[in-house]
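> The structure file work_29.cif (mmCIF, C-alpha atoms) is provided below.
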data_query
#
loop_
_atom_site.group_PDB
_atom_site.id
_atom_site.type_symbol
_atom_site.label_atom_id
_atom_site.label_comp_id
_atom_site.auth_asym_id
_atom_site.auth_seq_id
_atom_site.Cartn_x
_atom_site.Cartn_y
_atom_site.Cartn_z
ATOM 1 C CA MET L 1 -35.893 2.484 -80.140
ATOM 2 C CA ILE L 2 -35.217 -1.033 -81.337
ATOM 3 C CA VAL L 3 -31.862 -1.221 -79.537
ATOM 4 C CA PRO L 4 -33.143 -0.692 -75.959
ATOM 5 C CA LEU L 5 -35.974 -3.154 -76.634
ATOM 6 C CA LEU L 6 -33.500 -5.691 -77.977
ATOM 7 C CA LEU L 7 -31.297 -5.336 -74.891
ATOM 8 C CA ILE L 8 -34.246 -5.720 -72.534
ATOM 9 C CA ALA L 9 -35.480 -8.804 -74.405
ATOM 10 C CA VAL L 10 -32.045 -10.410 -74.359
ATOM 11 C CA GLY L 11 -31.623 -9.527 -70.681
ATOM 12 C CA PHE L 12 -34.936 -11.163 -69.839
ATOM 13 C CA LEU L 13 -34.179 -14.303 -71.844
ATOM 14 C CA TYR L 14 -30.735 -14.507 -70.301
ATOM 15 C CA SER L 15 -31.701 -14.017 -66.676
ATOM 16 C CA TYR L 16 -35.161 -15.516 -66.439
ATOM 17 C CA GLY L 17 -35.814 -17.321 -69.693
ATOM 18 C CA LEU L 18 -39.083 -18.661 -70.971
ATOM 19 C CA LYS L 19 -41.186 -21.498 -69.608
ATOM 20 C CA PHE L 20 -42.456 -23.901 -72.224
ATOM 21 C CA LYS L 21 -44.307 -27.121 -71.405
ATOM 22 C CA GLY L 22 -42.999 -27.040 -67.839
ATOM 23 C CA ARG L 23 -39.408 -26.594 -68.903
ATOM 24 C CA ARG L 24 -37.442 -23.402 -68.538
ATOM 25 C CA PHE L 25 -35.241 -22.223 -71.384
ATOM 26 C CA ARG L 26 -32.613 -19.600 -70.624
ATOM 27 C CA LEU L 27 -29.782 -18.111 -72.617
ATOM 28 C CA LYS L 28 -27.516 -18.492 -69.603
ATOM 29 C CA ALA L 29 -25.775 -21.698 -70.496
ATOM 30 C CA GLY L 30 -22.252 -22.993 -70.794
ATOM 31 C CA CYS L 31 -19.888 -23.732 -73.651
ATOM 32 C CA GLY L 32 -19.730 -20.181 -74.936
ATOM 33 C CA VAL L 33 -23.470 -19.465 -75.055
ATOM 34 C CA LYS L 34 -23.031 -16.559 -72.643
ATOM 35 C CA ASN L 35 -20.198 -15.205 -74.800
ATOM 36 C CA VAL L 36 -22.325 -15.505 -77.942
ATOM 37 C CA VAL L 37 -25.150 -13.620 -76.202
ATOM 38 C CA ILE L 38 -22.777 -10.839 -75.151
ATOM 39 C CA GLY L 39 -21.268 -10.659 -78.641
ATOM 40 C CA LEU L 40 -24.664 -10.571 -80.333
ATOM 41 C CA SER L 41 -26.090 -7.994 -77.923
ATOM 42 C CA TRP L 42 -23.298 -5.551 -78.552
ATOM 43 C CA SER L 43 -22.827 -6.192 -82.267
ATOM 44 C CA LEU L 44 -26.550 -5.913 -83.025
ATOM 45 C CA SER L 45 -26.877 -2.824 -80.840
ATOM 46 C CA ILE L 46 -24.069 -1.106 -82.704
ATOM 47 C CA THR L 47 -24.971 -2.155 -86.224
ATOM 48 C CA LEU L 48 -28.668 -1.390 -85.744
ATOM 49 C CA SER L 49 -27.734 2.065 -84.474
ATOM 50 C CA LEU L 50 -25.963 2.833 -87.748
ATOM 51 C CA GLU L 51 -27.668 3.932 -90.920
ATOM 52 C CA THR L 52 -26.990 0.729 -92.817
ATOM 53 C CA PHE L 53 -26.408 -2.840 -91.698
ATOM 54 C CA ASP L 54 -22.776 -3.629 -92.398
ATOM 55 C CA PHE L 55 -21.814 -7.303 -92.139
ATOM 56 C CA PRO L 56 -18.039 -6.829 -91.656
ATOM 57 C CA ILE L 57 -18.686 -4.397 -88.793
ATOM 58 C CA PHE L 58 -21.256 -6.758 -87.300
ATOM 59 C CA SER L 59 -18.794 -9.681 -87.485
ATOM 60 C CA PHE L 60 -15.980 -7.571 -86.083
ATOM 61 C CA TYR L 61 -17.920 -6.506 -83.020
ATOM 62 C CA PHE L 62 -19.468 -9.928 -82.528
ATOM 63 C CA LEU L 63 -16.093 -11.691 -82.464
ATOM 64 C CA LYS L 64 -14.373 -8.941 -80.524
ATOM 65 C CA LEU L 65 -16.996 -8.899 -77.775
ATOM 66 C CA PHE L 66 -17.050 -12.693 -77.748
ATOM 67 C CA VAL L 67 -13.298 -12.650 -77.063
ATOM 68 C CA ASN L 68 -13.581 -9.859 -74.484
ATOM 69 C CA SER L 69 -16.199 -11.759 -72.525
ATOM 70 C CA ALA L 70 -14.416 -15.097 -72.782
ATOM 71 C CA ILE L 71 -11.224 -13.611 -71.297
ATOM 72 C CA PHE L 72 -13.020 -13.217 -67.982
ATOM 73 C CA ASP L 73 -14.265 -16.788 -67.899
ATOM 74 C CA LEU L 74 -10.706 -17.819 -67.141
ATOM 75 C CA LYS L 75 -10.813 -15.910 -63.844
ATOM 76 C CA ASP L 76 -13.795 -17.943 -62.674
ATOM 77 C CA ILE L 77 -12.620 -21.308 -63.957
ATOM 78 C CA ASP L 78 -12.545 -22.821 -60.458
ATOM 79 C CA ARG L 79 -15.860 -21.323 -59.360
ATOM 80 C CA ASP L 80 -18.015 -21.831 -62.438
ATOM 81 C CA GLU L 81 -20.429 -24.699 -62.089
ATOM 82 C CA ILE L 82 -21.277 -24.777 -65.779
ATOM 83 C CA LEU L 83 -18.926 -25.941 -68.510
ATOM 84 C CA THR L 84 -17.274 -22.762 -69.769
ATOM 85 C CA LEU L 85 -14.920 -22.381 -72.721
ATOM 86 C CA PRO L 86 -11.713 -22.371 -70.622
ATOM 87 C CA LYS L 87 -12.779 -25.665 -69.041
ATOM 88 C CA LEU L 88 -13.659 -27.120 -72.418
ATOM 89 C CA LEU L 89 -10.566 -26.009 -74.320
ATOM 90 C CA GLY L 90 -7.986 -26.188 -71.535
ATOM 91 C CA LYS L 91 -4.524 -25.096 -72.674
ATOM 92 C CA TYR L 92 -5.808 -24.266 -76.151
ATOM 93 C CA PHE L 93 -8.154 -21.606 -74.808
ATOM 94 C CA LYS L 94 -5.812 -18.650 -75.340
ATOM 95 C CA VAL L 95 -4.839 -19.952 -78.789
ATOM 96 C CA PHE L 96 -8.531 -20.071 -79.685
ATOM 97 C CA LEU L 97 -9.105 -16.505 -78.460
ATOM 98 C CA SER L 98 -6.028 -15.272 -80.338
ATOM 99 C CA PHE L 99 -7.369 -16.876 -83.512
ATOM 100 C CA LEU L 100 -10.771 -15.225 -83.052
ATOM 101 C CA ASN L 101 -9.110 -11.887 -82.344
ATOM 102 C CA MET L 102 -7.209 -12.193 -85.617
ATOM 103 C CA VAL L 103 -10.338 -13.177 -87.598
ATOM 104 C CA ALA L 104 -12.316 -10.299 -86.040
ATOM 105 C CA HIS L 105 -9.788 -7.730 -87.139
ATOM 106 C CA MET L 106 -9.418 -9.319 -90.572
ATOM 107 C CA MET L 107 -13.179 -8.915 -91.048
ATOM 108 C CA ALA L 108 -12.872 -5.245 -90.191
ATOM 109 C CA LEU L 109 -10.107 -4.766 -92.764
ATOM 110 C CA PHE L 110 -12.902 -4.075 -95.249
ATOM 111 C CA HIS L 111 -12.995 -0.710 -93.508
ATOM 112 C CA PHE L 112 -9.324 -0.297 -92.742
ATOM 113 C CA HIS L 113 -8.434 2.334 -90.208
ATOM 114 C CA PRO L 114 -5.273 2.612 -88.067
ATOM 115 C CA VAL L 115 -7.435 2.220 -84.975
ATOM 116 C CA LEU L 116 -7.777 -1.466 -85.863
ATOM 117 C CA ILE L 117 -4.083 -1.953 -85.153
ATOM 118 C CA SER L 118 -4.348 -0.582 -81.625
ATOM 119 C CA SER L 119 -7.553 -2.541 -81.084
ATOM 120 C CA PHE L 120 -5.888 -5.782 -82.184
ATOM 121 C CA VAL L 121 -2.752 -5.231 -80.109
ATOM 122 C CA LEU L 122 -4.615 -4.261 -76.930
ATOM 123 C CA THR L 123 -7.014 -7.196 -77.216
ATOM 124 C CA GLN L 124 -4.119 -9.572 -77.813
ATOM 125 C CA ILE L 125 -2.320 -8.233 -74.742
ATOM 126 C CA ALA L 126 -5.512 -8.718 -72.702
ATOM 127 C CA ILE L 127 -5.685 -12.336 -73.897
ATOM 128 C CA LEU L 128 -2.089 -13.088 -72.975
ATOM 129 C CA ILE L 129 -1.694 -11.355 -69.609
ATOM 130 C CA ASP L 130 -3.172 -12.318 -66.264
ATOM 131 C CA GLU L 131 -6.954 -12.082 -66.542
ATOM 132 C CA ARG L 132 -7.258 -9.885 -63.432
ATOM 133 C CA LYS L 133 -5.037 -7.281 -65.080
ATOM 134 C CA ALA L 134 -6.802 -7.726 -68.415
ATOM 135 C CA ARG L 135 -9.947 -5.964 -67.203
ATOM 136 C CA ILE L 136 -8.440 -2.502 -67.279
ATOM 137 C CA ILE L 137 -7.245 -3.031 -70.860
ATOM 138 C CA VAL L 138 -10.573 -4.434 -72.059
ATOM 139 C CA ASP L 139 -12.533 -1.675 -70.313
ATOM 140 C CA SER L 140 -10.392 1.191 -71.556
ATOM 141 C CA GLU L 141 -9.765 -0.044 -75.103
ATOM 142 C CA PRO L 142 -12.850 1.585 -76.756
ATOM 143 C CA THR L 143 -12.017 4.950 -75.195
ATOM 144 C CA LEU L 144 -8.356 4.697 -76.222
ATOM 145 C CA SER L 145 -9.441 3.778 -79.758
ATOM 146 C CA ALA L 146 -11.773 6.773 -79.926
ATOM 147 C CA LEU L 147 -9.007 9.076 -78.690
ATOM 148 C CA LEU L 148 -6.706 7.688 -81.364
ATOM 149 C CA CYS L 149 -9.382 8.386 -83.999
ATOM 150 C CA LEU L 150 -9.681 11.978 -82.803
ATOM 151 C CA LEU L 151 -5.905 12.377 -82.803
ATOM 152 C CA LEU L 152 -5.622 11.041 -86.350
ATOM 153 C CA ARG L 153 -8.375 13.368 -87.515
ATOM 154 C CA SER L 154 -6.541 16.316 -85.994
ATOM 155 C CA TYR L 155 -3.295 15.393 -87.777
ATOM 156 C CA PRO L 156 -4.258 14.005 -91.182
ATOM 157 C CA MET R 157 -25.214 7.775 -56.316
ATOM 158 C CA ARG R 158 -21.959 5.889 -55.976
ATOM 159 C CA ASN R 159 -23.310 3.216 -58.311
ATOM 160 C CA VAL R 160 -23.955 5.846 -60.962
ATOM 161 C CA ILE R 161 -20.550 7.490 -60.589
ATOM 162 C CA VAL R 162 -18.587 4.257 -60.831
ATOM 163 C CA SER R 163 -20.621 3.382 -63.922
ATOM 164 C CA ILE R 164 -19.483 6.453 -65.857
ATOM 165 C CA PRO R 165 -16.259 4.929 -67.281
ATOM 166 C CA THR R 166 -18.240 1.935 -68.530
ATOM 167 C CA ALA R 167 -20.836 4.216 -70.092
ATOM 168 C CA VAL R 168 -18.094 6.206 -71.814
ATOM 169 C CA SER R 169 -16.680 2.943 -73.193
ATOM 170 C CA GLY R 170 -20.106 1.945 -74.502
ATOM 171 C CA ALA R 171 -20.512 5.235 -76.350
ATOM 172 C CA MET R 172 -16.935 5.155 -77.628
ATOM 173 C CA ARG R 173 -17.470 1.702 -79.079
ATOM 174 C CA LEU R 174 -20.299 3.142 -81.181
ATOM 175 C CA TYR R 175 -18.146 6.134 -82.107
ATOM 176 C CA VAL R 176 -15.394 3.854 -83.427
ATOM 177 C CA ALA R 177 -17.980 2.006 -85.539
ATOM 178 C CA TYR R 178 -18.918 5.333 -87.159
ATOM 179 C CA ILE R 179 -15.265 6.045 -87.880
ATOM 180 C CA LEU R 180 -14.678 2.602 -89.383
ATOM 181 C CA LEU R 181 -17.618 3.144 -91.713
ATOM 182 C CA SER R 182 -16.479 6.684 -92.563
ATOM 183 C CA LEU R 183 -19.805 8.064 -91.341
ATOM 184 C CA SER R 184 -20.155 11.226 -89.355
ATOM 185 C CA PRO R 185 -20.981 10.329 -85.777
ATOM 186 C CA ASP R 186 -24.485 11.160 -84.648
ATOM 187 C CA PRO R 187 -24.089 13.019 -81.335
ATOM 188 C CA ILE R 188 -27.640 12.217 -80.272
ATOM 189 C CA LEU R 189 -27.046 8.491 -80.686
ATOM 190 C CA LEU R 190 -23.708 8.701 -78.898
ATOM 191 C CA ILE R 191 -25.314 10.513 -75.985
ATOM 192 C CA GLY R 192 -28.122 7.942 -76.077
ATOM 193 C CA ALA R 193 -25.605 5.096 -75.987
ATOM 194 C CA PHE R 194 -23.885 6.750 -73.025
ATOM 195 C CA PHE R 195 -27.064 7.131 -71.020
ATOM 196 C CA LEU R 196 -28.424 3.725 -71.994
ATOM 197 C CA THR R 197 -25.214 2.060 -70.867
ATOM 198 C CA LEU R 198 -25.102 4.207 -67.738
ATOM 199 C CA SER R 199 -28.674 3.434 -66.766
ATOM 200 C CA ILE R 200 -28.455 -0.314 -67.367
ATOM 201 C CA TYR R 201 -25.131 -0.603 -65.608
ATOM 202 C CA SER R 202 -26.136 1.540 -62.634
ATOM 203 C CA PHE R 203 -29.456 -0.239 -62.299
ATOM 204 C CA ASP R 204 -27.743 -3.545 -62.419
ATOM 205 C CA ARG R 205 -25.186 -2.635 -59.788
ATOM 206 C CA ILE R 206 -28.003 -1.543 -57.512
ATOM 207 C CA GLU R 207 -30.206 -4.534 -58.148
ATOM 208 C CA ASP R 208 -27.810 -7.410 -58.436
ATOM 209 C CA TYR R 209 -24.144 -7.067 -58.990
ATOM 210 C CA GLY R 210 -23.743 -10.793 -58.744
ATOM 211 C CA GLY R 211 -24.244 -11.272 -62.404
ATOM 212 C CA LYS R 212 -27.851 -12.219 -62.817
ATOM 213 C CA THR R 213 -29.267 -9.323 -64.732
ATOM 214 C CA TYR R 214 -28.292 -7.112 -67.645
ATOM 215 C CA HIS R 215 -24.849 -6.570 -66.233
ATOM 216 C CA SER R 216 -23.994 -10.124 -67.117
ATOM 217 C CA ILE R 217 -24.855 -9.581 -70.716
ATOM 218 C CA LEU R 218 -23.407 -6.228 -71.415
ATOM 219 C CA PHE R 219 -20.682 -5.501 -69.004
ATOM 220 C CA THR R 220 -19.270 -8.492 -67.196
ATOM 221 C CA SER R 221 -16.790 -8.657 -69.826
ATOM 222 C CA SER R 222 -16.765 -5.960 -72.064
ATOM 223 C CA ALA R 223 -17.813 -2.464 -71.676
#
What does the file become when written as structure tokens?


Amino acid sequence: MIVPLLLIAVGFLYSYGLKFKGRRFRLKAGCGVKNVVIGLSWSLSITLSLETFDFPIFSFYFLKLFVNSAIFDLKDIDRDEILTLPKLLGKYFKVFLSFLNMVAHMMALFHFHPVLISSFVLTQIAILIDERKARIIVDSEPTLSALLCLLLRSYP
Amino acid sequence: MRNVIVSIPTAVSGAMRLYVAYILLSLSPDPILLIGAFFLTLSIYSFDRIEDYGGKTYHSILFTSSA
């Protein structure tokens, strides 16, 4: 129950925000705020759905979803009116995402599973290739990971 | 209807992300929660496509990037 409420609250704060003393505060802001919101929404939704709060899993999903969302900021670099991470970091943007991808998967090593290898490799490919082609990798990666899990369970 | 159908792959991804979390924690996946994650993702994504695909609503948060 808490997860849908959390998503609705975050959605409201992101899209419309809150008015306070005549000023409007929204989560939709530049410099990675959007990416943090996406990362937090997903990581909290997943970890709160599990029986126990697990910090490595929370960190893994937070960083992974941060990276996934930031990849697509590159596509809109010419259209975005706000200061996004690609604009801020310039040529170091992909290095930064690669670093975060590595840290994310290192956090998850507390619960090592072969699926982490495929997750790391696919995310790294998505970072390095053209961002328009990256979408299909980012979108299909969770399903491919789940299929790999099922395959490994079938052949222990 | 088209908005719902094209949202199915995203909804599957949302549920699969939760499934992988169960596997990483060596827990047995809860089918009810997985189905819930599927339908929650499907409903938010479909709703958002219908209402505003431009990126103003929940789509921006959950799916622009990632599902």

> Can you pull out the residues contacting L:Asp73? Cut-off 7 Å, using all atoms listed in the file, and skip same-chain residues under 3 positions away; I want them as a PyMOL selection string.

chain L and resi 70+76-77+84+86

> Which residue is closest to chain R? Choose from L:Thr123, L:Phe20, L:Ile137, L:Ile46 and count only C-alpha atoms.

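Comparing L:Thr123, L:Phe20, L:Ile137, L:Ile46 against chain R, the winner is L:Ile46.
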
> Which residues come within 12 Å of L:Val138, counting all atoms listed in the file, excluding same-chain residues fewer than 5 positions away, as a compact mmCIF listing (two decimals) with C-alpha atoms, keeping the file's coordinate frame?


# COMPACT_ATOMS: atom_id res chain seq x y z
CA LYS L 64 -14.37 -8.94 -80.52
CA LEU L 65 -17.00 -8.90 -77.78
CA PHE L 66 -17.05 -12.69 -77.75
CA VAL L 67 -13.30 -12.65 -77.06
CA ASN L 68 -13.58 -9.86 -74.48
CA SER L 69 -16.20 -11.76 -72.53
CA ALA L 70 -14.42 -15.10 -72.78
CA ILE L 71 -11.22 -13.61 -71.30
CA PHE L 72 -13.02 -13.22 -67.98
CA SER L 119 -7.55 -2.54 -81.08
CA PHE L 120 -5.89 -5.78 -82.18
CA VAL L 121 -2.75 -5.23 -80.11
CA LEU L 122 -4.62 -4.26 -76.93
CA THR L 123 -7.01 -7.20 -77.22
CA GLN L 124 -4.12 -9.57 -77.81
CA ILE L 125 -2.32 -8.23 -74.74
CA ALA L 126 -5.51 -8.72 -72.70
CA ILE L 127 -5.68 -12.34 -73.90
CA ILE L 129 -1.69 -11.36 -69.61
CA GLU L 131 -6.95 -12.08 -66.54
CA ARG L 132 -7.26 -9.88 -63.43
CA LYS L 133 -5.04 -7.28 -65.08
CA THR L 143 -12.02 4.95 -75.19
CA LEU L 144 -8.36 4.70 -76.22
CA SER L 145 -9.44 3.78 -79.76
CA PRO R 165 -16.26 4.93 -67.28
CA THR R 166 -18.24 1.94 -68.53
CA SER R 169 -16.68 2.94 -73.19
CA GLY R 170 -20.11 1.94 -74.50
CA ARG R 173 -17.47 1.70 -79.08
CA PHE R 219 -20.68 -5.50 -69.00
CA THR R 220 -19.27 -8.49 -67.20
CA SER R 221 -16.79 -8.66 -69.83
CA SER R 222 -16.76 -5.96 -72.06
CA ALA R 223 -17.81 -2.46 -71.68

> Would you translate the PyMOL selection byres ((chain R and resi 185-199) around 6) into the concrete set of residues it matches in this file, as a list in words?

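Output of the PyMOL selection byres ((chain R and resi 185-199) around 6): Ser163, Ala167, Val168, Ala171, Tyr178, Ser184, Ile200, Tyr201, Ser202 and Phe203 of chain R.
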
> Could you list, as a compact mmCIF listing (two decimals) with C-alpha atoms, in the frame of the given file, every residue of chain L that has an atom within 9 Å of an atom of chain R, counting all atoms listed in the file?


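To be explicit, this is the file written out as result-v8.txt:
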# COMPACT_ATOMS: atom_id res chain seq x y z
CA PRO L 4 -33.14 -0.69 -75.96
CA LEU L 7 -31.30 -5.34 -74.89
CA ILE L 8 -34.25 -5.72 -72.53
CA VAL L 10 -32.04 -10.41 -74.36
CA GLY L 11 -31.62 -9.53 -70.68
CA PHE L 12 -34.94 -11.16 -69.84
CA TYR L 14 -30.74 -14.51 -70.30
CA SER L 15 -31.70 -14.02 -66.68
CA TYR L 16 -35.16 -15.52 -66.44
CA LYS L 34 -23.03 -16.56 -72.64
CA ASN L 35 -20.20 -15.20 -74.80
CA VAL L 37 -25.15 -13.62 -76.20
CA ILE L 38 -22.78 -10.84 -75.15
CA GLY L 39 -21.27 -10.66 -78.64
CA SER L 41 -26.09 -7.99 -77.92
CA TRP L 42 -23.30 -5.55 -78.55
CA SER L 45 -26.88 -2.82 -80.84
CA ILE L 46 -24.07 -1.11 -82.70
CA THR L 47 -24.97 -2.15 -86.22
CA SER L 49 -27.73 2.06 -84.47
CA LEU L 50 -25.96 2.83 -87.75
CA GLU L 51 -27.67 3.93 -90.92
CA ASP L 54 -22.78 -3.63 -92.40
CA ILE L 57 -18.69 -4.40 -88.79
CA TYR L 61 -17.92 -6.51 -83.02
CA LEU L 65 -17.00 -8.90 -77.78
CA PHE L 66 -17.05 -12.69 -77.75
CA VAL L 67 -13.30 -12.65 -77.06
CA ASN L 68 -13.58 -9.86 -74.48
CA SER L 69 -16.20 -11.76 -72.53
CA ALA L 70 -14.42 -15.10 -72.78
CA ILE L 71 -11.22 -13.61 -71.30
CA PHE L 72 -13.02 -13.22 -67.98
CA ASP L 73 -14.26 -16.79 -67.90
CA ALA L 108 -12.87 -5.24 -90.19
CA HIS L 111 -13.00 -0.71 -93.51
CA PHE L 112 -9.32 -0.30 -92.74
CA HIS L 113 -8.43 2.33 -90.21
CA VAL L 115 -7.44 2.22 -84.98
CA LEU L 116 -7.78 -1.47 -85.86
CA ARG L 135 -9.95 -5.96 -67.20
CA VAL L 138 -10.57 -4.43 -72.06
CA ASP L 139 -12.53 -1.68 -70.31
CA SER L 140 -10.39 1.19 -71.56
CA GLU L 141 -9.76 -0.04 -75.10
CA PRO L 142 -12.85 1.58 -76.76
CA THR L 143 -12.02 4.95 -75.19
CA LEU L 144 -8.36 4.70 -76.22
CA SER L 145 -9.44 3.78 -79.76
CA ALA L 146 -11.77 6.77 -79.93
CA LEU L 147 -9.01 9.08 -78.69
CA CYS L 149 -9.38 8.39 -84.00

> Quick one: distance from atom CA of L:Leu128 to atom CA of L:Phe99 in Å, one decimal?

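Atom CA of L:Phe99 lies at a distance of 12.4 Å from atom CA of L:Leu128.
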
> In Å, how far is it from atom CA of L:Leu109 to atom CA of L:Leu74?

28.8 Å

> Calculate how many Å separate atom CA of L:Ser43 from atom CA of L:Phe58, rounding to one decimal.

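Those two atoms sit 5.3 Å apart.
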
> Would you compute, for all listed atoms of stretch 183-196 of chain R, the axis-aligned bounding box grown by 3 Å on each side, and then report its centre and edge lengths in Å rounded to one decimal, as AutoDock Vina command-line options?


--center_x -24.1 --center_y 8.4 --center_z -81.2 --size_x 14.6 --size_y 15.3 --size_z 26.3

> Dump stretch 122-152 of chain L with C-alpha atoms to a file, as an mmCIF file, in the first residue's frame.


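Output file part03.cif follows:
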data_model
loop_
_atom_site.group_PDB
_atom_site.id
_atom_site.type_symbol
_atom_site.label_atom_id
_atom_site.label_comp_id
_atom_site.auth_asym_id
_atom_site.auth_seq_id
_atom_site.Cartn_x
_atom_site.Cartn_y
_atom_site.Cartn_z
ATOM 1 C CA LEU L 122 24.295 -4.385 -20.607
ATOM 2 C CA THR L 123 24.208 -1.107 -18.683
ATOM 3 C CA GLN L 124 27.774 -0.343 -19.718
ATOM 4 C CA ILE L 125 26.915 -1.011 -23.362
ATOM 5 C CA ALA L 126 23.900 1.313 -23.040
ATOM 6 C CA ILE L 127 26.188 4.033 -21.658
ATOM 7 C CA LEU L 128 28.706 3.713 -24.470
ATOM 8 C CA ILE L 129 26.498 3.326 -27.546
ATOM 9 C CA ASP L 130 24.331 5.918 -29.245
ATOM 10 C CA GLU L 131 21.635 6.985 -26.789
ATOM 11 C CA ARG L 132 18.814 6.360 -29.286
ATOM 12 C CA LYS L 133 19.867 2.718 -29.533
ATOM 13 C CA ALA L 134 20.423 2.511 -25.780
ATOM 14 C CA ARG L 135 16.695 2.589 -25.030
ATOM 15 C CA ILE L 136 16.049 -0.949 -26.182
ATOM 16 C CA ILE L 137 18.885 -2.249 -23.990
ATOM 17 C CA VAL L 138 17.790 -0.283 -20.922
ATOM 18 C CA ASP L 139 14.148 -1.291 -21.395
ATOM 19 C CA SER L 140 14.816 -4.978 -21.940
ATOM 20 C CA GLU L 141 17.588 -5.455 -19.373
ATOM 21 C CA PRO L 142 15.341 -6.340 -16.362
ATOM 22 C CA THR L 143 13.479 -8.948 -18.409
ATOM 23 C CA LEU L 144 16.720 -10.436 -19.751
ATOM 24 C CA SER L 145 18.101 -10.559 -16.200
ATOM 25 C CA ALA L 146 14.987 -12.339 -14.946
ATOM 26 C CA LEU L 147 15.205 -14.858 -17.790
ATOM 27 C CA LEU L 148 18.836 -15.489 -16.904
ATOM 28 C CA CYS L 149 17.824 -16.087 -13.270
ATOM 29 C CA LEU L 150 15.211 -18.613 -14.370
ATOM 30 C CA LEU L 151 17.712 -20.323 -16.658
ATOM 31 C CA LEU L 152 20.289 -20.589 -13.878
#
